[in-house]
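Everything below belongs to structure-v9.pdb, which stores PDB, C-alpha atoms.
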ATOM      1  CA  MET O 108      32.368 -16.000   1.122
ATOM      2  CA  ALA O 109      31.242 -15.015  -2.393
ATOM      3  CA  GLU O 110      27.789 -14.176  -1.027
ATOM      4  CA  ASP O 111      29.350 -11.936   1.637
ATOM      5  CA  ALA O 112      31.349 -10.113  -1.030
ATOM      6  CA  ARG O 113      28.249  -9.613  -3.175
ATOM      7  CA  VAL O 114      26.235  -8.184  -0.284
ATOM      8  CA  ALA O 115      29.129  -5.993   0.848
ATOM      9  CA  ARG O 116      29.404  -4.541  -2.657
ATOM     10  CA  GLY O 117      26.298  -2.457  -2.070
ATOM     11  CA  PRO O 118      23.260  -2.091  -4.314
ATOM     12  CA  HIS O 119      22.468  -4.933  -6.669
ATOM     13  CA  ASP O 120      23.138  -4.501 -10.370
ATOM     14  CA  LYS O 121      19.854  -3.036 -11.642
ATOM     15  CA  HIS O 122      20.262  -4.553 -15.084
ATOM     16  CA  ALA O 123      20.696  -8.039 -13.617
ATOM     17  CA  VAL O 124      17.592  -7.528 -11.473
ATOM     18  CA  HIS O 125      15.589  -6.527 -14.555
ATOM     19  CA  ALA O 126      16.805  -9.624 -16.404
ATOM     20  CA  ARG O 127      15.812 -11.850 -13.451
ATOM     21  CA  ILE O 128      12.325 -10.353 -13.403
ATOM     22  CA  VAL O 129      11.924 -11.115 -17.116
ATOM     23  CA  GLU O 130      13.163 -14.682 -16.530
ATOM     24  CA  ARG O 131      10.628 -15.146 -13.736
ATOM     25  CA  LEU O 132       7.840 -13.856 -15.960
ATOM     26  CA  GLN O 133       8.843 -16.390 -18.628
ATOM     27  CA  GLY O 134       8.976 -19.270 -16.150
ATOM     28  CA  GLN O 135       5.788 -18.421 -14.324
ATOM     29  CA  VAL O 136       3.608 -18.446 -17.425
ATOM     30  CA  GLU O 137       4.970 -21.937 -18.121
ATOM     31  CA  ASP O 138       3.983 -22.943 -14.577
ATOM     32  CA  VAL O 139       0.449 -21.629 -15.120
ATOM     33  CA  THR O 140       0.265 -23.684 -18.317
ATOM     34  CA  ARG O 141       1.459 -26.768 -16.440
ATOM     35  CA  MET O 142      -1.147 -26.289 -13.687
ATOM     36  CA  VAL O 143      -4.016 -26.462 -16.196
ATOM     37  CA  ALA O 144      -2.577 -29.265 -18.340
ATOM     38  CA  GLY O 145      -4.546 -32.485 -18.529
ATOM     39  CA  LEU O 146      -7.712 -31.163 -16.869
ATOM     40  CA  SER O 147     -11.166 -30.832 -18.358
ATOM     41  CA  GLU O 148     -13.089 -27.567 -18.245
ATOM     42  CA  PRO O 149     -15.379 -28.866 -15.436
ATOM     43  CA  GLU O 150     -12.315 -29.908 -13.401
ATOM     44  CA  LEU O 151     -10.654 -26.519 -13.932
ATOM     45  CA  ALA O 152     -13.861 -24.745 -12.859
ATOM     46  CA  ARG O 153     -14.309 -26.907  -9.740
ATOM     47  CA  ARG O 154     -13.671 -25.089  -6.478
ATOM     48  CA  THR O 155     -11.541 -27.585  -4.589
ATOM     49  CA  VAL O 156     -11.321 -25.185  -1.625
ATOM     50  CA  PRO O 157     -14.778 -23.964  -0.560
ATOM     51  CA  ASP O 158     -15.415 -20.252  -1.179
ATOM     52  CA  LYS O 159     -12.051 -19.807  -2.934
ATOM     53  CA  TRP O 160     -11.319 -19.394  -6.616
ATOM     54  CA  SER O 161     -10.947 -22.441  -8.808
ATOM     55  CA  VAL O 162      -7.904 -23.025 -11.012
ATOM     56  CA  LYS O 163      -9.909 -21.545 -13.907
ATOM     57  CA  GLU O 164     -10.842 -18.442 -11.917
ATOM     58  CA  LEU O 165      -7.211 -17.961 -10.917
ATOM     59  CA  VAL O 166      -6.178 -18.076 -14.589
ATOM     60  CA  CYS O 167      -8.918 -15.542 -15.371
ATOM     61  CA  HIS O 168      -7.692 -13.262 -12.602
ATOM     62  CA  LEU O 169      -4.079 -13.495 -13.768
ATOM     63  CA  ASP O 170      -5.047 -12.601 -17.329
ATOM     64  CA  ARG O 171      -7.171  -9.656 -16.181
ATOM     65  CA  VAL O 172      -4.460  -8.323 -13.859
ATOM     66  CA  HIS O 173      -1.934  -8.693 -16.669
ATOM     67  CA  GLU O 174      -4.154  -6.554 -18.882
ATOM     68  CA  VAL O 175      -4.324  -3.837 -16.210
ATOM     69  CA  PHE O 176      -0.562  -3.897 -15.662
ATOM     70  CA  ASP O 177       0.111  -3.853 -19.419
ATOM     71  CA  GLU O 178      -1.923  -0.650 -19.605
ATOM     72  CA  ARG O 179       0.050   0.841 -16.713
ATOM     73  CA  VAL O 180       3.408  -0.017 -18.270
ATOM     74  CA  GLU O 181       2.382   1.484 -21.600
ATOM     75  CA  ALA O 182       1.069   4.628 -19.871
ATOM     76  CA  MET O 183       4.353   5.113 -17.994
ATOM     77  CA  LEU O 184       6.422   4.523 -21.121
ATOM     78  CA  GLY O 185       4.286   6.780 -23.291
ATOM     79  CA  GLN O 186       3.391   9.624 -20.924
ATOM     80  CA  GLU O 187       5.154  11.770 -18.369
ATOM     81  CA  ASN O 188       4.296  10.537 -14.864
ATOM     82  CA  PRO O 189       0.684   9.505 -15.657
ATOM     83  CA  LYS O 190      -1.980   9.058 -13.004
ATOM     84  CA  LEU O 191      -2.736   5.357 -12.591
ATOM     85  CA  ALA O 192      -6.034   4.137 -11.206
ATOM     86  CA  PRO O 193      -6.054   1.449  -8.529
ATOM     87  CA  PHE O 194      -7.460  -1.925  -9.536
ATOM     88  CA  GLU O 195     -10.334  -3.443  -7.604
ATOM     89  CA  PRO O 196     -10.933  -7.086  -8.577
ATOM     90  CA  ASP O 197     -14.275  -7.433  -6.758
ATOM     91  CA  GLY O 198     -17.083  -7.021  -9.274
ATOM     92  CA  ASP O 199     -14.665  -6.473 -12.171
ATOM     93  CA  PRO O 200     -16.530  -7.019 -15.468
ATOM     94  CA  GLY O 201     -13.265  -7.990 -17.187
ATOM     95  CA  PHE O 202     -12.937 -10.938 -14.816
ATOM     96  CA  ASP O 203     -16.563 -11.981 -15.301
ATOM     97  CA  GLU O 204     -16.129 -11.896 -19.089
ATOM     98  CA  ARG O 205     -13.111 -14.229 -18.839
ATOM     99  CA  VAL O 206     -14.963 -16.704 -16.617
ATOM    100  CA  ARG O 207     -17.498 -17.147 -19.440
ATOM    101  CA  ARG O 208     -14.699 -18.177 -21.829
ATOM    102  CA  THR O 209     -12.932 -21.512 -21.829
ATOM    103  CA  THR O 210      -9.785 -21.782 -19.749
ATOM    104  CA  VAL O 211      -7.864 -22.649 -22.915
ATOM    105  CA  ASP O 212      -8.903 -19.314 -24.467
ATOM    106  CA  THR O 213      -8.017 -17.342 -21.342
ATOM    107  CA  LEU O 214      -4.681 -19.110 -21.033
ATOM    108  CA  ALA O 215      -3.939 -18.287 -24.679
ATOM    109  CA  SER O 216      -4.708 -14.639 -23.921
ATOM    110  CA  LEU O 217      -2.397 -14.699 -20.889
ATOM    111  CA  ARG O 218       0.411 -16.291 -22.886
ATOM    112  CA  MET O 219       0.003 -13.728 -25.692
ATOM    113  CA  ARG O 220       0.066 -10.860 -23.201
ATOM    114  CA  ARG O 221       3.148 -12.315 -21.552
ATOM    115  CA  GLU O 222       5.014 -12.687 -24.838
ATOM    116  CA  ARG O 223       4.240  -9.066 -25.730
ATOM    117  CA  LEU O 224       5.264  -7.780 -22.297
ATOM    118  CA  ILE O 225       8.533  -9.701 -22.311
ATOM    119  CA  ALA O 226       9.355  -8.442 -25.805
ATOM    120  CA  ARG O 227       8.566  -4.902 -24.668
ATOM    121  CA  LEU O 228      10.694  -5.208 -21.527
ATOM    122  CA  GLU O 229      13.623  -6.678 -23.435
ATOM    123  CA  GLU O 230      13.743  -3.631 -25.711
ATOM    124  CA  LEU O 231      13.747  -1.091 -22.855
ATOM    125  CA  ARG O 232      16.747   1.063 -22.136
ATOM    126  CA  PRO O 233      17.815   0.955 -18.462
ATOM    127  CA  ALA O 234      16.324   4.400 -17.795
ATOM    128  CA  ASP O 235      12.932   3.281 -19.188
ATOM    129  CA  TRP O 236      12.558   0.821 -16.301
ATOM    130  CA  HIS O 237      12.399   3.822 -13.980
ATOM    131  CA  ARG O 238       9.827   5.940 -15.776
ATOM    132  CA  PRO O 239       7.334   6.914 -13.073
ATOM    133  CA  GLY O 240       3.606   6.822 -12.683
ATOM    134  CA  GLN O 241       1.378   8.224  -9.950
ATOM    135  CA  HIS O 242      -0.355   5.428  -8.071
ATOM    136  CA  PRO O 243      -2.562   6.347  -5.093
ATOM    137  CA  GLU O 244      -1.339   3.408  -2.986
ATOM    138  CA  TYR O 245       2.391   3.375  -3.793
ATOM    139  CA  PRO O 246       4.532   6.536  -3.600
ATOM    140  CA  ASN O 247       7.488   5.159  -5.621
ATOM    141  CA  TYR O 248       5.718   3.583  -8.584
ATOM    142  CA  ASP O 249       7.633   3.101 -11.829
ATOM    143  CA  VAL O 250       7.881   0.502 -14.586
ATOM    144  CA  HIS O 251      10.248  -1.633 -12.505
ATOM    145  CA  PHE O 252       7.947  -1.570  -9.464
ATOM    146  CA  CYS O 253       4.914  -2.340 -11.621
ATOM    147  CA  VAL O 254       6.502  -5.348 -13.317
ATOM    148  CA  GLU O 255       8.063  -6.684 -10.124
ATOM    149  CA  TYR O 256       4.704  -6.327  -8.364
ATOM    150  CA  LEU O 257       3.057  -8.269 -11.192
ATOM    151  CA  THR O 258       5.677 -11.002 -10.806
ATOM    152  CA  HIS O 259       5.182 -11.377  -7.035
ATOM    153  CA  HIS O 260       1.393 -11.158  -7.339
ATOM    154  CA  GLU O 261       1.419 -13.935  -9.917
ATOM    155  CA  ALA O 262       3.735 -16.102  -7.789
ATOM    156  CA  HIS O 263       1.271 -15.810  -4.909
ATOM    157  CA  HIS O 264      -1.572 -16.997  -7.135
ATOM    158  CA  LEU O 265       0.565 -19.772  -8.610
ATOM    159  CA  TYR O 266       0.912 -21.168  -5.095
ATOM    160  CA  GLN O 267      -2.874 -21.029  -4.710
ATOM    161  CA  MET O 268      -3.250 -22.688  -8.105
ATOM    162  CA  PHE O 269      -0.895 -25.462  -7.003
ATOM    163  CA  GLN O 270      -2.933 -26.017  -3.821
ATOM    164  CA  ARG O 271      -6.217 -26.144  -5.746
ATOM    165  CA  ARG O 272      -4.759 -28.355  -8.464
ATOM    166  CA  VAL O 273      -3.528 -31.089  -6.079
ATOM    167  CA  PRO O 274      -7.012 -32.618  -5.403
ATOM    168  CA  LEU O 275      -7.595 -32.888  -9.164
ATOM    169  CA  GLY O 276      -4.811 -35.398  -9.816
ATOM    170  CA  VAL O 277      -1.135 -35.678 -10.480
ATOM    171  CA  ILE O 278       0.434 -32.416 -11.569
ATOM    172  CA  PRO O 279       2.292 -32.818 -14.871
ATOM    173  CA  HIS O 280       6.038 -32.309 -14.864
TER     174      HIS O 280
END
Could I get this file's structure written as structure tokens?
Amino acid sequence: MAEDARVARGPHDKHAVHARIVERLQGQVEDVTRMVAGLSEPELARRTVPDKWSVKELVCHLDRVHEVFDERVEAMLGQENPKLAPFEPDGDPGFDERVRRTTVDTLASLRMRRERLIARLEELRPADWHRPGQHPEYPNYDVHFCVEYLTHHEAHHLYQMFQRRVPLGVIPH
């Protein structure tokens, strides 16, 4: 009955949605950390599914995408409706550079980026979440869309990380 009343009320409370996104971002970076825990660099780099990214490569991709999305958020917060370039991961030199680092270093970078983004999001006024940017693929792109997209994108790769981690041993909990 309470669920029916909530749905019947109409649009969700935007501020609560923003808070949930921030909570998911906090939890997901902890899940990434857990997926790499207890594994050696060769294990992390091992492709347990042929022709698919390893756990290490997934961490590298997440850190690189985070960097791109950080830049988008800052552009939207600092400029009026900036043009945002699409991101193409194939052949991305930022990804290749991360693959040459240790997973521990890339994970530290991801965690640092996440802490900064969360701190930034927590200081936003409600209207700041809806500052727009012009993205060629998405007509209604704003800070909220960008950060929610990042959250869902990361969740997708966390599932892949989980699948690729399973053959490497018990997952810490």
In terms of only C-alpha atoms, the residue from O:Glu148, O:His122, O:Gln133, O:Val139 at minimal distance from Ala234 (chain O) is O:His122
Test item: residues at most 7 Å from region 214-221 of chain O, all atoms listed in the file, excluding those fewer than 2 positions along its chain, as a list in words: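 Returned residues: Val136, Val166, Asp170, Thr210, Val211, Asp212, Arg223, Leu224 and Ile225 of chain O.
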Take the residues just selected and output them with C-alpha atoms as a short mmCIF file (atom, residue, chain, number, x, y, z; two decimals), in the coordinates of the input.
data_model
loop_
_atom_site.label_atom_id
_atom_site.label_comp_id
_atom_site.auth_asym_id
_atom_site.auth_seq_id
_atom_site.Cartn_x
_atom_site.Cartn_y
_atom_site.Cartn_z
CA VAL O 136 3.61 -18.45 -17.42
CA VAL O 166 -6.18 -18.08 -14.59
CA ASP O 170 -5.05 -12.60 -17.33
CA THR O 210 -9.78 -21.78 -19.75
CA VAL O 211 -7.86 -22.65 -22.92
CA ASP O 212 -8.90 -19.31 -24.47
CA ARG O 223 4.24 -9.07 -25.73
CA LEU O 224 5.26 -7.78 -22.30
CA ILE O 225 8.53 -9.70 -22.31
#
Could you pull the residues within 8 Å of region 149-155 of chain O, counting all atoms listed in the file, minus those fewer than 2 positions along the same chain, as a VMD selection string? chain O and resid 143 146 to 147 157 to 164 210 271 to 272 274 to 275
For the structure shown, which residues end up in the PyMOL selection byres ((chain O and resi 177-190) around 12)? Put them as a PyMOL selection string, please? chain O and resi 169-176+191-194+217+219-225+227-228+230-232+234-257
So, counting only C-alpha atoms, which residue among O:Gly198, O:His259, O:Val156, O:Asp120 is closest to Gln135 (chain O)?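 That would be O:His259, the residue with the smallest distance to Gln135 (chain O).
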May I ask for the distance between CA of Met142 (chain O) and CA of Met268 (chain O), given in Å to one decimal place?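 According to the coordinates, CA of Met142 (chain O) and CA of Met268 (chain O) are separated by 7.0 Å.
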Just the number, please: distance in Å from CA of Val277 (chain O) to CA of Thr140 (chain O), one decimal. 14.4 Å
Rounded to one decimal, what separation in Å do you get between CA of His168 (chain O) and CA of Tyr266 (chain O)?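 Here the two named atoms are 13.9 Å from each other.
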If I put a ball of radius 7 Å at (-2.9, -33.7, -16.2) in the file's coordinates, which residues poke into it when counting only C-alpha atoms, written as a list of chain:residue names?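 Here is the list of nearby residues: O:Ala144, O:Gly145, O:Leu146, O:Gly276, O:Val277, O:Ile278, O:Pro279.
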Point out the residue among O:Val273, O:Glu195, O:Glu130, O:Ala123 with the least atom-to-atom distance to Pro233 (chain O), counting all atoms listed in the file.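 Ranking O:Val273, O:Glu195, O:Glu130, O:Ala123 by distance to Pro233 (chain O), first place goes to O:Ala123.
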Find the smallest box with edges along x, y and z containing every listed atom of region 176-181 of chain O, then add 6 Å on each side and report centre and edge lengths in Å to one decimal, as AutoDock Vina command-line options.
--center_x 0.7 --center_y -1.2 --center_z -18.6 --size_x 17.3 --size_y 17.4 --size_z 17.9
For Thr209 (chain O), which residue out of O:Thr258, O:Asp197, O:Ile128, O:Cys167 is the nearest one, using all atoms listed in the file? O:Cys167
Mind completing region 225-243 of chain O with N, CA and C atoms? Output as a CSV table (one decimal), in the frame of the given file, please?
chain,number,residue,atom,x,y,z
O,225,ILE,N,7.1,-9.3,-22.4
O,225,ILE,CA,8.5,-9.7,-22.3
O,225,ILE,C,9.3,-9.0,-23.5
O,226,ALA,N,8.7,-9.1,-24.7
O,226,ALA,CA,9.4,-8.4,-25.8
O,226,ALA,C,9.5,-6.9,-25.5
O,227,ARG,N,8.5,-6.3,-25.0
O,227,ARG,CA,8.6,-4.9,-24.7
O,227,ARG,C,9.7,-4.6,-23.6
O,228,LEU,N,9.7,-5.4,-22.6
O,228,LEU,CA,10.7,-5.2,-21.5
O,228,LEU,C,12.1,-5.4,-22.0
O,229,GLU,N,12.3,-6.4,-22.9
O,229,GLU,CA,13.6,-6.7,-23.4
O,229,GLU,C,14.2,-5.6,-24.3
O,230,GLU,N,13.3,-4.7,-24.9
O,230,GLU,CA,13.7,-3.6,-25.7
O,230,GLU,C,14.0,-2.3,-24.9
O,231,LEU,N,13.6,-2.3,-23.6
O,231,LEU,CA,13.7,-1.1,-22.9
O,231,LEU,C,15.2,-0.7,-22.6
O,232,ARG,N,15.5,0.6,-22.6
O,232,ARG,CA,16.7,1.1,-22.1
O,232,ARG,C,16.7,1.1,-20.6
O,233,PRO,N,17.8,1.0,-19.9
O,233,PRO,CA,17.8,1.0,-18.5
O,233,PRO,C,17.0,2.1,-17.8
O,234,ALA,N,17.1,3.3,-18.4
O,234,ALA,CA,16.3,4.4,-17.8
O,234,ALA,C,14.8,4.2,-17.9
O,235,ASP,N,14.4,3.5,-19.0
O,235,ASP,CA,12.9,3.3,-19.2
O,235,ASP,C,12.3,2.5,-18.0
O,236,TRP,N,13.1,1.6,-17.4
O,236,TRP,CA,12.6,0.8,-16.3
O,236,TRP,C,12.2,1.7,-15.1
O,237,HIS,N,12.6,2.9,-15.1
O,237,HIS,CA,12.4,3.8,-14.0
O,237,HIS,C,11.5,5.0,-14.3
O,238,ARG,N,10.8,4.9,-15.4
O,238,ARG,CA,9.8,5.9,-15.8
O,238,ARG,C,8.7,5.8,-14.8
O,239,PRO,N,8.3,7.0,-14.2
O,239,PRO,CA,7.3,6.9,-13.1
O,239,PRO,C,5.9,7.0,-13.5
O,240,GLY,N,5.0,6.6,-12.6
O,240,GLY,CA,3.6,6.8,-12.7
O,240,GLY,C,3.1,7.2,-11.3
O,241,GLN,N,2.0,7.8,-11.2
O,241,GLN,CA,1.4,8.2,-10.0
O,241,GLN,C,0.3,7.2,-9.6
O,242,HIS,N,0.6,6.4,-8.6
O,242,HIS,CA,-0.4,5.4,-8.1
O,242,HIS,C,-0.8,5.8,-6.7
O,243,PRO,N,-2.1,5.8,-6.4
O,243,PRO,CA,-2.6,6.3,-5.1
O,243,PRO,C,-2.1,5.5,-3.9
